[in-house]
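S.K.: model32.cif is the file, holding mmCIF, C-alpha atoms and all ligand atoms:
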data_final
loop_
_atom_site.label_atom_id
_atom_site.label_comp_id
_atom_site.auth_asym_id
_atom_site.auth_seq_id
_atom_site.Cartn_x
_atom_site.Cartn_y
_atom_site.Cartn_z
CA MET A 24 -25.63 6.92 -7.00
CA VAL A 25 -23.95 8.90 -4.17
CA GLU A 26 -20.17 9.34 -4.54
CA PRO A 27 -18.42 7.39 -1.74
CA PHE A 28 -16.00 8.97 0.74
CA VAL A 29 -12.69 7.25 0.08
CA GLN A 30 -9.58 6.96 2.23
CA LEU A 31 -6.40 5.06 1.41
CA ALA A 32 -4.77 2.90 4.08
CA PRO A 33 -1.05 2.77 3.11
CA ALA A 34 1.31 -0.03 4.11
CA LYS A 35 3.60 0.74 7.05
CA VAL A 36 7.26 -0.25 6.87
CA ASN A 37 9.56 -0.31 9.93
CA LEU A 38 12.92 0.57 8.34
CA ALA A 39 14.54 0.07 11.77
CA LEU A 40 13.00 -1.33 14.94
CA HIS A 41 14.85 -1.49 18.26
CA VAL A 42 13.21 -3.15 21.27
CA THR A 43 14.49 -1.19 24.25
CA ARG A 44 12.57 -2.45 27.29
CA ARG A 45 10.08 -4.99 28.51
CA ARG A 46 7.37 -3.21 30.48
CA GLU A 47 5.42 -4.26 33.56
CA ASP A 48 2.27 -4.75 31.44
CA GLY A 49 4.02 -7.33 29.25
CA TYR A 50 4.37 -4.98 26.26
CA HIS A 51 7.74 -3.76 25.00
CA ASP A 52 8.99 -0.22 24.42
CA LEU A 53 10.24 0.27 20.87
CA GLU A 54 12.15 2.87 18.88
CA SER A 55 11.30 2.62 15.21
CA LEU A 56 11.86 4.57 12.00
CA VAL A 57 8.51 4.17 10.30
CA VAL A 58 7.68 5.02 6.68
CA PHE A 59 4.70 4.35 4.42
CA ALA A 60 4.54 2.95 0.89
CA ASP A 61 2.33 4.17 -1.94
CA LEU A 62 0.58 0.82 -1.75
CA ALA A 63 -2.66 0.65 0.15
CA ASP A 64 -5.94 -0.89 1.17
CA GLU A 65 -8.88 1.28 0.16
CA LEU A 66 -11.82 2.15 2.39
CA GLU A 67 -15.02 3.57 0.90
CA ALA A 68 -18.03 4.84 2.85
CA ARG A 69 -21.54 5.56 1.55
CA PRO A 70 -24.45 7.03 3.50
CA ALA A 71 -26.80 4.24 4.67
CA THR A 72 -29.48 3.53 7.26
CA ALA A 73 -27.06 1.54 9.46
CA ASP A 74 -23.31 0.89 9.77
CA THR A 75 -22.20 -2.12 7.70
CA LEU A 76 -18.89 -3.46 6.42
CA THR A 77 -18.18 -5.55 3.33
CA ILE A 78 -14.72 -6.71 2.25
CA GLY A 79 -13.22 -7.53 -1.14
CA GLY A 80 -9.83 -7.44 -2.84
CA PRO A 81 -7.04 -10.01 -3.15
CA PHE A 82 -6.58 -10.46 0.64
CA GLY A 83 -10.19 -10.00 1.74
CA LYS A 84 -11.07 -13.67 1.96
CA GLY A 85 -11.46 -15.02 5.48
CA LEU A 86 -11.27 -11.61 7.16
CA GLY A 87 -14.25 -11.17 9.50
CA THR A 88 -16.59 -8.21 8.96
CA GLY A 89 -17.91 -8.23 12.54
CA GLU A 90 -16.74 -6.39 15.61
CA THR A 91 -13.29 -8.00 15.50
CA ASN A 92 -12.51 -6.08 12.32
CA LEU A 93 -10.45 -3.00 13.07
CA VAL A 94 -12.62 -0.89 10.73
CA SER A 95 -15.77 -1.81 12.68
CA ARG A 96 -13.92 -1.24 15.96
CA ALA A 97 -12.74 2.20 14.86
CA VAL A 98 -16.26 3.25 13.77
CA ALA A 99 -17.75 1.93 17.03
CA ALA A 100 -15.09 3.70 19.14
CA PHE A 101 -15.74 6.99 17.32
CA ARG A 102 -19.52 6.71 17.78
CA ALA A 103 -19.14 5.83 21.47
CA ARG A 104 -16.94 8.91 22.11
CA TRP A 105 -18.94 11.36 19.92
CA PRO A 106 -22.47 9.84 19.69
CA ASN A 107 -24.07 12.62 17.60
CA ALA A 108 -21.10 13.69 15.47
CA VAL A 109 -21.97 11.57 12.41
CA GLU A 110 -25.76 11.22 12.20
CA MET A 111 -26.06 8.96 9.13
CA GLY A 112 -25.20 5.28 9.07
CA LEU A 113 -22.28 4.24 6.85
CA ALA A 114 -22.00 1.32 4.43
CA MET A 115 -18.25 0.74 4.33
CA HIS A 116 -16.41 -1.33 1.77
CA LEU A 117 -12.80 -2.36 2.35
CA THR A 118 -10.65 -3.40 -0.61
CA LYS A 119 -7.95 -5.48 1.03
CA ASN A 120 -4.84 -5.17 -1.17
CA LEU A 121 -2.33 -5.79 1.64
CA PRO A 122 -1.62 -9.23 3.12
CA VAL A 123 -2.93 -9.79 6.65
CA ALA A 124 -0.73 -10.30 9.76
CA ALA A 125 2.27 -9.41 7.62
CA GLY A 126 4.17 -6.76 9.63
CA ILE A 127 3.01 -3.93 7.36
CA GLY A 128 0.13 -2.79 9.56
CA GLY A 129 -2.73 -3.28 7.12
CA GLY A 130 -5.33 -3.64 9.88
CA SER A 131 -3.96 -0.59 11.71
CA ALA A 132 -3.99 1.44 8.48
CA ASP A 133 -7.62 0.40 7.89
CA ALA A 134 -8.56 1.55 11.42
CA ALA A 135 -6.80 4.89 10.82
CA ALA A 136 -8.62 5.31 7.48
CA ALA A 137 -11.95 4.66 9.22
CA LEU A 138 -11.14 7.29 11.89
CA ARG A 139 -10.21 9.78 9.15
CA ILE A 140 -13.53 9.18 7.37
CA MET A 141 -15.49 9.59 10.62
CA ALA A 142 -13.61 12.79 11.53
CA SER A 143 -14.14 14.26 8.07
CA LEU A 144 -17.91 13.57 8.25
CA SER A 145 -18.24 14.83 11.81
CA ASN A 146 -20.47 17.84 12.40
CA ILE A 147 -18.43 18.79 15.47
CA PRO A 148 -14.71 19.58 15.39
CA VAL A 149 -12.59 16.63 16.49
CA ALA A 150 -9.20 17.53 17.96
CA LEU A 151 -6.31 15.66 16.42
CA ALA A 152 -5.01 14.82 19.91
CA ASP A 153 -8.34 13.14 20.79
CA LEU A 154 -8.28 11.18 17.53
CA ALA A 155 -4.67 10.09 18.19
CA ASP A 156 -5.68 8.99 21.68
CA MET A 157 -8.49 6.87 20.27
CA ALA A 158 -6.08 5.48 17.65
CA ALA A 159 -3.63 4.35 20.36
CA ARG A 160 -6.42 2.47 22.13
CA LEU A 161 -7.27 0.62 18.88
CA GLY A 162 -3.70 -0.64 18.35
CA ALA A 163 -0.04 0.29 18.76
CA ASP A 164 0.45 1.13 15.07
CA VAL A 165 -2.79 3.07 14.54
CA PRO A 166 -1.42 6.52 15.67
CA ALA A 167 1.45 6.24 13.15
CA CYS A 168 -1.01 5.16 10.45
CA LEU A 169 -3.10 8.29 11.13
CA VAL A 170 -0.02 10.29 10.10
CA SER A 171 1.12 8.05 7.19
CA ALA A 172 4.36 10.01 6.67
CA PRO A 173 7.97 9.34 7.77
CA LEU A 174 8.30 9.44 11.57
CA VAL A 175 10.10 7.99 14.57
CA ALA A 176 7.79 6.05 16.90
CA ARG A 177 8.62 5.48 20.56
CA GLY A 178 6.85 3.92 23.54
CA VAL A 179 4.65 1.19 22.10
CA GLY A 180 3.98 3.48 19.14
CA GLU A 181 2.07 6.36 20.71
CA VAL A 182 4.98 8.85 20.97
CA LEU A 183 5.55 10.15 17.45
CA THR A 184 8.12 12.52 15.99
CA ARG A 185 7.48 13.47 12.37
CA LEU A 186 10.54 13.91 10.19
CA PRO A 187 10.75 17.31 8.50
CA GLU A 188 12.27 15.84 5.32
CA PHE A 189 13.00 12.40 3.90
CA PRO A 190 14.87 11.21 0.81
CA SER A 191 12.84 10.06 -2.16
CA CYS A 192 13.12 6.24 -2.08
CA HIS A 193 11.46 3.16 -3.53
CA ILE A 194 10.64 -0.03 -1.77
CA VAL A 195 10.10 -3.66 -2.73
CA LEU A 196 7.99 -5.77 -0.40
CA VAL A 197 8.17 -9.58 -0.41
CA ASN A 198 5.92 -11.73 1.74
CA PRO A 199 6.03 -15.54 1.71
CA LEU A 200 2.29 -15.58 2.53
CA ILE A 201 2.89 -17.21 5.89
CA PRO A 202 0.99 -15.16 8.49
CA LEU A 203 3.06 -14.41 11.59
CA ALA A 204 1.32 -13.35 14.82
CA THR A 205 3.02 -10.40 16.55
CA ALA A 206 2.55 -12.03 19.98
CA ASP A 207 4.41 -15.20 18.88
CA VAL A 208 7.41 -13.19 17.69
CA PHE A 209 7.65 -11.13 20.92
CA ARG A 210 7.35 -14.37 22.93
CA ARG A 211 10.44 -15.70 21.13
CA LEU A 212 12.47 -12.52 21.70
CA ARG A 213 15.49 -13.15 23.96
CA ALA A 214 17.14 -9.72 24.40
CA HIS A 215 14.62 -7.15 25.68
CA ASP A 216 16.88 -4.19 26.51
CA ASN A 217 18.69 -3.33 23.29
CA TYR A 218 20.29 0.05 22.62
CA PRO A 219 18.09 2.85 21.22
CA LEU A 220 18.17 4.21 17.66
CA PRO A 221 21.21 6.35 16.85
CA GLU A 222 20.51 10.02 16.15
CA LEU A 223 19.27 10.66 12.60
CA PRO A 224 21.38 12.90 10.35
CA SER A 225 19.91 16.36 9.82
CA PRO A 226 19.04 17.29 7.15
CA LEU A 227 18.24 13.79 5.87
CA THR A 228 17.79 14.22 2.13
CA ARG A 229 19.77 11.55 0.25
CA PRO A 230 19.09 7.77 0.04
CA ALA A 231 22.82 7.07 0.54
CA GLN A 232 22.76 9.02 3.84
CA LEU A 233 19.79 6.97 4.96
CA GLY A 234 21.63 3.78 3.99
CA ILE A 235 24.64 4.71 6.14
CA TRP A 236 22.38 5.40 9.13
CA LEU A 237 20.35 2.22 8.61
CA ALA A 238 23.55 0.14 8.59
CA GLU A 239 23.92 1.10 12.28
CA THR A 240 20.41 -0.10 13.10
CA ARG A 241 18.49 -3.39 13.28
CA ASN A 242 15.10 -4.97 13.50
CA ASP A 243 15.35 -6.75 16.85
CA LEU A 244 12.29 -8.83 15.95
CA GLN A 245 13.96 -10.32 12.87
CA PRO A 246 16.00 -13.07 14.62
CA PRO A 247 12.99 -14.50 16.52
CA ALA A 248 10.82 -14.24 13.39
CA VAL A 249 13.44 -16.08 11.31
CA LYS A 250 13.42 -18.86 13.92
CA LEU A 251 9.65 -19.22 13.41
CA VAL A 252 9.69 -18.77 9.61
CA PRO A 253 13.21 -19.48 8.26
CA VAL A 254 12.35 -18.43 4.69
CA ILE A 255 12.35 -14.79 5.94
CA GLY A 256 16.14 -15.04 6.30
CA GLU A 257 16.48 -16.40 2.77
CA ILE A 258 14.37 -13.56 1.33
CA VAL A 259 16.46 -10.94 3.19
CA GLU A 260 19.61 -12.41 1.69
CA GLU A 261 18.26 -12.70 -1.85
CA LEU A 262 16.58 -9.28 -1.96
CA GLY A 263 19.67 -7.70 -0.38
CA GLY A 264 21.74 -9.07 -3.26
CA THR A 265 19.65 -7.48 -6.03
CA GLN A 266 21.17 -4.58 -7.96
CA GLY A 267 20.91 -1.22 -6.20
CA CYS A 268 19.43 -2.58 -2.97
CA ILE A 269 20.50 -0.21 -0.16
CA LEU A 270 19.16 -2.49 2.57
CA ALA A 271 16.94 -5.57 2.91
CA ARG A 272 15.33 -6.26 6.28
CA MET A 273 12.12 -7.55 7.82
CA SER A 274 9.36 -5.04 8.65
CA GLY A 275 7.61 -5.09 12.06
CA SER A 276 7.11 -8.60 13.39
CA GLY A 277 7.17 -10.00 9.84
CA ALA A 278 6.96 -11.88 7.71
CA THR A 279 7.18 -9.13 5.05
CA VAL A 280 10.73 -8.24 3.99
CA PHE A 281 11.47 -4.86 2.41
CA GLY A 282 14.24 -3.85 0.04
CA LEU A 283 15.11 -0.14 -0.11
CA PHE A 284 16.17 1.42 -3.45
CA GLY A 285 17.15 4.87 -4.68
CA SER A 286 15.31 4.57 -8.01
CA ALA A 287 12.01 3.19 -9.32
CA GLY A 288 13.81 1.33 -12.12
CA GLN A 289 16.01 -0.62 -9.71
CA ALA A 290 13.04 -1.41 -7.47
CA HIS A 291 10.95 -2.74 -10.37
CA GLN A 292 13.87 -4.80 -11.65
CA ALA A 293 14.42 -6.31 -8.18
CA ALA A 294 10.69 -7.06 -7.90
CA GLN A 295 10.86 -8.92 -11.22
CA VAL A 296 13.83 -10.97 -9.99
CA MET A 297 11.99 -11.88 -6.78
CA ARG A 298 8.75 -12.74 -8.64
CA ALA A 299 10.66 -15.03 -10.99
CA SER A 300 12.36 -16.95 -8.18
CA HIS A 301 9.31 -16.94 -5.81
CA PRO A 302 6.16 -17.11 -7.95
CA ASP A 303 4.17 -18.15 -4.85
CA HIS A 304 5.19 -15.07 -2.79
CA TRP A 305 3.51 -11.65 -2.71
CA VAL A 306 5.87 -9.14 -4.33
CA ALA A 307 5.16 -5.41 -4.77
CA ALA A 308 7.19 -2.31 -5.63
CA ALA A 309 6.22 1.28 -4.80
CA PRO A 310 7.61 4.71 -3.92
CA LEU A 311 7.66 5.78 -0.29
CA LEU A 312 5.26 8.52 0.78
CA VAL A 313 7.50 11.38 1.83
CA SER A 314 5.33 14.45 2.38
C1 LIG A 401 5.58 -4.93 15.94
C2 LIG A 401 4.84 -3.79 15.33
C3 LIG A 401 5.83 -2.65 15.00
O1 LIG A 401 5.24 -1.62 14.25
O2 LIG A 401 4.21 -4.02 14.09
P1 LIG A 401 3.46 -5.29 13.36
O3 LIG A 401 4.41 -6.39 13.17
O4 LIG A 401 2.30 -5.69 14.19
O5 LIG A 401 3.02 -4.73 12.04
C4 LIG A 401 3.78 -3.21 16.31
O6 LIG A 401 4.38 -2.59 17.42
C5 LIG A 401 2.79 -4.20 16.84
O7 LIG A 401 1.66 -3.53 17.19
P2 LIG A 401 0.24 -4.28 17.24
O8 LIG A 401 0.06 -5.10 16.00
O9 LIG A 401 -0.81 -3.28 17.55
O10 LIG A 401 0.46 -5.22 18.44
P3 LIG A 401 -0.62 -6.03 19.26
O11 LIG A 401 -1.50 -6.79 18.33
O12 LIG A 401 -1.25 -5.11 20.25
O13 LIG A 401 0.37 -7.02 20.04
C6 LIG A 401 0.20 -8.40 20.15
C7 LIG A 401 1.11 -8.85 21.29
O14 LIG A 401 2.50 -8.62 20.97
C8 LIG A 401 3.22 -8.20 22.12
N1 LIG A 401 3.72 -6.83 21.95
C9 LIG A 401 3.22 -6.01 20.98
C10 LIG A 401 3.73 -4.72 20.81
C11 LIG A 401 4.74 -4.29 21.70
N2 LIG A 401 5.25 -3.06 21.60
N3 LIG A 401 5.22 -5.13 22.66
C12 LIG A 401 4.73 -6.39 22.79
O15 LIG A 401 5.20 -7.14 23.66
C13 LIG A 401 2.24 -8.28 23.29
O16 LIG A 401 2.35 -9.56 23.86
C14 LIG A 401 0.88 -8.13 22.62
O17 LIG A 401 -0.16 -8.72 23.35
N1 LIG A 402 -9.13 -4.72 8.59
C1 LIG A 402 -8.23 -5.63 8.97
N2 LIG A 402 -7.21 -5.97 8.15
C2 LIG A 402 -6.27 -6.85 8.55
N3 LIG A 402 -6.28 -7.49 9.73
C3 LIG A 402 -7.27 -7.21 10.59
C4 LIG A 402 -8.28 -6.28 10.24
N4 LIG A 402 -9.10 -6.20 11.28
C5 LIG A 402 -8.65 -7.04 12.23
N5 LIG A 402 -7.55 -7.67 11.83
C6 LIG A 402 -6.74 -8.62 12.62
O1 LIG A 402 -5.53 -7.93 13.01
C7 LIG A 402 -4.41 -8.81 12.99
C8 LIG A 402 -3.16 -8.03 12.54
O2 LIG A 402 -3.31 -7.69 11.21
P1 LIG A 402 -2.37 -6.72 10.35
O3 LIG A 402 -2.57 -5.31 10.77
O4 LIG A 402 -2.62 -7.03 8.92
O5 LIG A 402 -0.93 -7.25 10.70
P2 LIG A 402 0.39 -6.71 11.37
O6 LIG A 402 -0.01 -6.21 12.73
O7 LIG A 402 1.31 -7.88 11.42
O8 LIG A 402 0.96 -5.66 10.52
C9 LIG A 402 -4.78 -9.96 12.05
O9 LIG A 402 -4.48 -11.16 12.67
C10 LIG A 402 -6.28 -9.82 11.80
O10 LIG A 402 -7.01 -10.94 12.20
#
Would you mind writing the file's structure down as structure tokens?
M.R.:
Amino acid sequence: MVEPFVQLAPAKVNLALHVTRRREDGYHDLESLVVFADLADELEARPATADTLTIGGPFGKGLGTGETNLVSRAVAAFRARWPNAVEMGLAMHLTKNLPVAAGIGGGSADAAAALRIMASLSNIPVALADLADMAARLGADVPACLVSAPLVARGVGEVLTRLPEFPSCHIVLVNPLIPLATADVFRRLRAHDNYPLPELPSPLTRPAQLGIWLAETRNDLQPPAVKLVPVIGEIVEELGGTQGCILARMSGSGATVFGLFGSAGQAHQAAQVMRASHPDHWVAAAPLLVS
């Protein structure tokens, strides 16, 4: 049996997300502090006669394996741009551990993982800038997911500034398992020209410092999302009240809510509290990826 090529597709968390402008093309410019959790989908690839995709894992059910899947789209985009770079076919298997349409970029992370696999198997050198360009065409969050480390994203997500250092933090994610379409949330947004992110402290090394900065920021998509799914507001309040929680807020366009903690113990305790009061929600705790 040939060992598969494996890439993790970590969950994205928008610690802050300011919507700064509505553009002519209908999209919105954002400024977002984006981090990634040590909690991921897993993509495996084995040499095969043709490209195929199978899906398993707790959130794999109902997710199409055809050309609408972001993994298939990423592989097809890579092959169209560099037709002879990867000569063998690839049997891919996606283990879907992250809820779908949840504001934590699972699909985008899967696409980025597929691009990483293709680039690592390529027999010609692929410039990172070309890969990032392809990522941006697959989806607004895919360039950030290629990096999977703390960064500030601007534009619709294609202008990235990596952060040189980031405090060691832990995160709790709670999702009520109500999928929320990004387009619906933007459609409900009333204020389109909010102020940009304040300047980050430098160096940024302590969770408390991050907490002070985050208190000056928002997720502008949270109010419209709460209108569509009111339980998001209740989760923010409850998670925010758990011991040691620096900040609770919605990620992306929702419906996942994160709680930020300075220690693993506090995060696991908060996760237990949330599991006990919401046995029907998805609850996970993990460290943030900081390197
Ligand atoms: C909001 C964010 C923040 O990280 O995360 P998610 O909630 O999706 O995880 C992303 O910008 C989401 O990016 P992505 O998921 O690729 O968005 P798309 O599917 O392309 O967007 C669906 C629709 O939402 C609106 N949209 C999306 C992004 C944006 N910057 N402005 C918009 O107005 C557009 O109407 C678009 O047609
Ligand atoms: N591999 C994939 N995993 C998840 N969603 C996918 C995938 N491929 C395509 N999609 C589609 O992308 C949409 C956004 O999914 P996802 O990235 O999980 O959410 P979000 O953008 O809210 O973070 C879903 O509605 C889903 O139908």
S.K.: When the cut-off is 6 Å and you count all atoms listed in the file, which residues lie near ligand LIG 401 (chain A), shown as a PyMOL selection string?
M.R.: chain A and resi 49-52+126-128+162-164+179+205-206+209+275-277
S.K.: Would you mind telling me which residue in A:Ala155, A:Val170, A:Leu203, A:Leu138 lies nearest to ligand LIG 402 (chain A) when using all atoms listed in the file?
M.R.: A:Leu203
S.K.: In the coordinates of the file, take the point (2.6, -11.7, -0.9) and a cut-off of 9 Å; then, counting all atoms listed in the file, name each qualifying protein, DNA or RNA residue as a PyMOL selection string.
M.R.: chain A and resi 121-122+125+196-201+279+303-307
S.K.: Where does chain A meet ligand LIG 402 (chain A) within 10 Å, residue by residue, with the nearest atom pair and distance in Å to one decimal for each, counting all atoms listed in the file, listed by chain and rising number, as a tab-separated table?
M.R.:
residue	atom	partner	partner_atom	distance
A:Ala32	CA	A:LIG402	N1	9.9
A:Ala34	CA	A:LIG402	O8	8.5
A:Lys35	CA	A:LIG402	O8	7.7
A:Val36	CA	A:LIG402	O8	9.1
A:Asp64	CA	A:LIG402	N2	8.7
A:Leu66	CA	A:LIG402	N1	9.6
A:Ile78	CA	A:LIG402	N1	8.7
A:Phe82	CA	A:LIG402	C2	8.7
A:Gly83	CA	A:LIG402	N2	8.1
A:Gly85	CA	A:LIG402	O10	9.0
A:Leu86	CA	A:LIG402	O10	6.6
A:Gly87	CA	A:LIG402	N4	7.4
A:Thr88	CA	A:LIG402	N4	8.1
A:Gly89	CA	A:LIG402	N4	9.1
A:Glu90	CA	A:LIG402	N4	8.8
A:Thr91	CA	A:LIG402	C5	5.8
A:Asn92	CA	A:LIG402	N4	3.6
A:Leu93	CA	A:LIG402	N4	3.9
A:Val94	CA	A:LIG402	N1	5.6
A:Ser95	CA	A:LIG402	N4	8.1
A:Arg96	CA	A:LIG402	N4	8.4
A:Ala97	CA	A:LIG402	N4	9.8
A:Leu117	CA	A:LIG402	N1	7.6
A:Thr118	CA	A:LIG402	N1	9.4
A:Lys119	CA	A:LIG402	N2	7.2
A:Asn120	CA	A:LIG402	N2	9.6
A:Leu121	CA	A:LIG402	O4	7.4
A:Pro122	CA	A:LIG402	O4	6.3
A:Val123	CA	A:LIG402	O4	3.6
A:Ala124	CA	A:LIG402	O5	3.2
A:Ala125	CA	A:LIG402	O7	4.2
A:Gly126	CA	A:LIG402	O8	3.5
A:Ile127	CA	A:LIG402	O8	4.1
A:Gly128	CA	A:LIG402	O8	3.1
A:Gly129	CA	A:LIG402	O4	4.2
A:Gly130	CA	A:LIG402	O3	3.3
A:Ser131	CA	A:LIG402	O3	5.0
A:Ala132	CA	A:LIG402	O3	7.3
A:Asp133	CA	A:LIG402	N1	5.4
A:Ala134	CA	A:LIG402	N1	6.9
A:Ala137	CA	A:LIG402	N1	9.8
A:Gly162	CA	A:LIG402	O6	8.7
A:Ala163	CA	A:LIG402	O6	8.9
A:Asp164	CA	A:LIG402	O6	7.7
A:Val165	CA	A:LIG402	O3	9.2
A:Pro202	CA	A:LIG402	O7	7.9
A:Leu203	CA	A:LIG402	O7	6.8
A:Ala204	CA	A:LIG402	O7	6.4
A:Thr205	CA	A:LIG402	O7	6.0
A:Ala206	CA	A:LIG402	O7	9.6
A:Ser274	CA	A:LIG402	O8	8.6
A:Gly275	CA	A:LIG402	O8	6.8
A:Ser276	CA	A:LIG402	O7	6.2
A:Gly277	CA	A:LIG402	O7	6.4
A:Ala278	CA	A:LIG402	O7	7.9
A:Thr279	CA	A:LIG402	O7	8.8
S.K.: Using only C-alpha atoms, pick whichever of A:Glu181, A:Pro219, A:Leu251, A:Phe284 has the shortest atom-to-atom distance to A:Ala231.
M.R.: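 Closest to A:Ala231, using only C-alpha atoms: A:Phe284.
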S.K.: I need the residue nearest A:Leu270 from this list: A:Ile255, A:Ala176, A:Met115, A:Ala39. Use all atoms listed in the file for the distance.
M.R.: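 Counting all atoms listed in the file, the residue closest to A:Leu270 is A:Ala39.
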S.K.: Between atom CA of A:Ala63 and atom CA of A:Ser191, what is the distance in Å, rounded to a tenth?
M.R.: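 Taking atom CA of A:Ala63 and atom CA of A:Ser191, their separation equals 18.3 Å.
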S.K.: Out of A:Pro173, A:Pro246, A:Gly180, A:Pro221, which residue has the shortest atom-to-atom distance to A:Asp156 when counting all atoms listed in the file?
M.R.: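 Answer, going by the shortest atom-to-atom distance: A:Gly180.
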S.K.: For A:Leu283, please output as a PyMOL selection string all residues within 8 Å (counting only C-alpha atoms; exclusion window: fewer than 6 positions along the same chain).
M.R.: chain A and resi 192-195+268-271+290
S.K.: Which one of A:Lys250, A:Arg229, A:Arg46, A:Arg69 sits closest to A:Glu188 if you count all atoms listed in the file?
M.R.: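 The closest residue to A:Glu188 is A:Arg229.
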S.K.: So which one's closest to A:Ala172, A:Arg104, A:Glu26, A:Asp61, A:Ala294? Using all atoms listed in the file, please.
M.R.: A:Asp61
S.K.: So that I can check the surroundings of A:Thr72, please list as a short mmCIF file (atom, residue, chain, number, x, y, z; two decimals) with C-alpha atoms, keeping the file's coordinate frame every protein, DNA and RNA residue that reaches within 9 Å of it, counting only C-alpha atoms and ignoring chain neighbours fewer than 6 positions away.
M.R.:
data_model
loop_
_atom_site.label_atom_id
_atom_site.label_comp_id
_atom_site.auth_asym_id
_atom_site.auth_seq_id
_atom_site.Cartn_x
_atom_site.Cartn_y
_atom_site.Cartn_z
CA MET A 111 -26.06 8.96 9.13
CA GLY A 112 -25.20 5.28 9.07
CA LEU A 113 -22.28 4.24 6.85
CA ALA A 114 -22.00 1.32 4.43
#
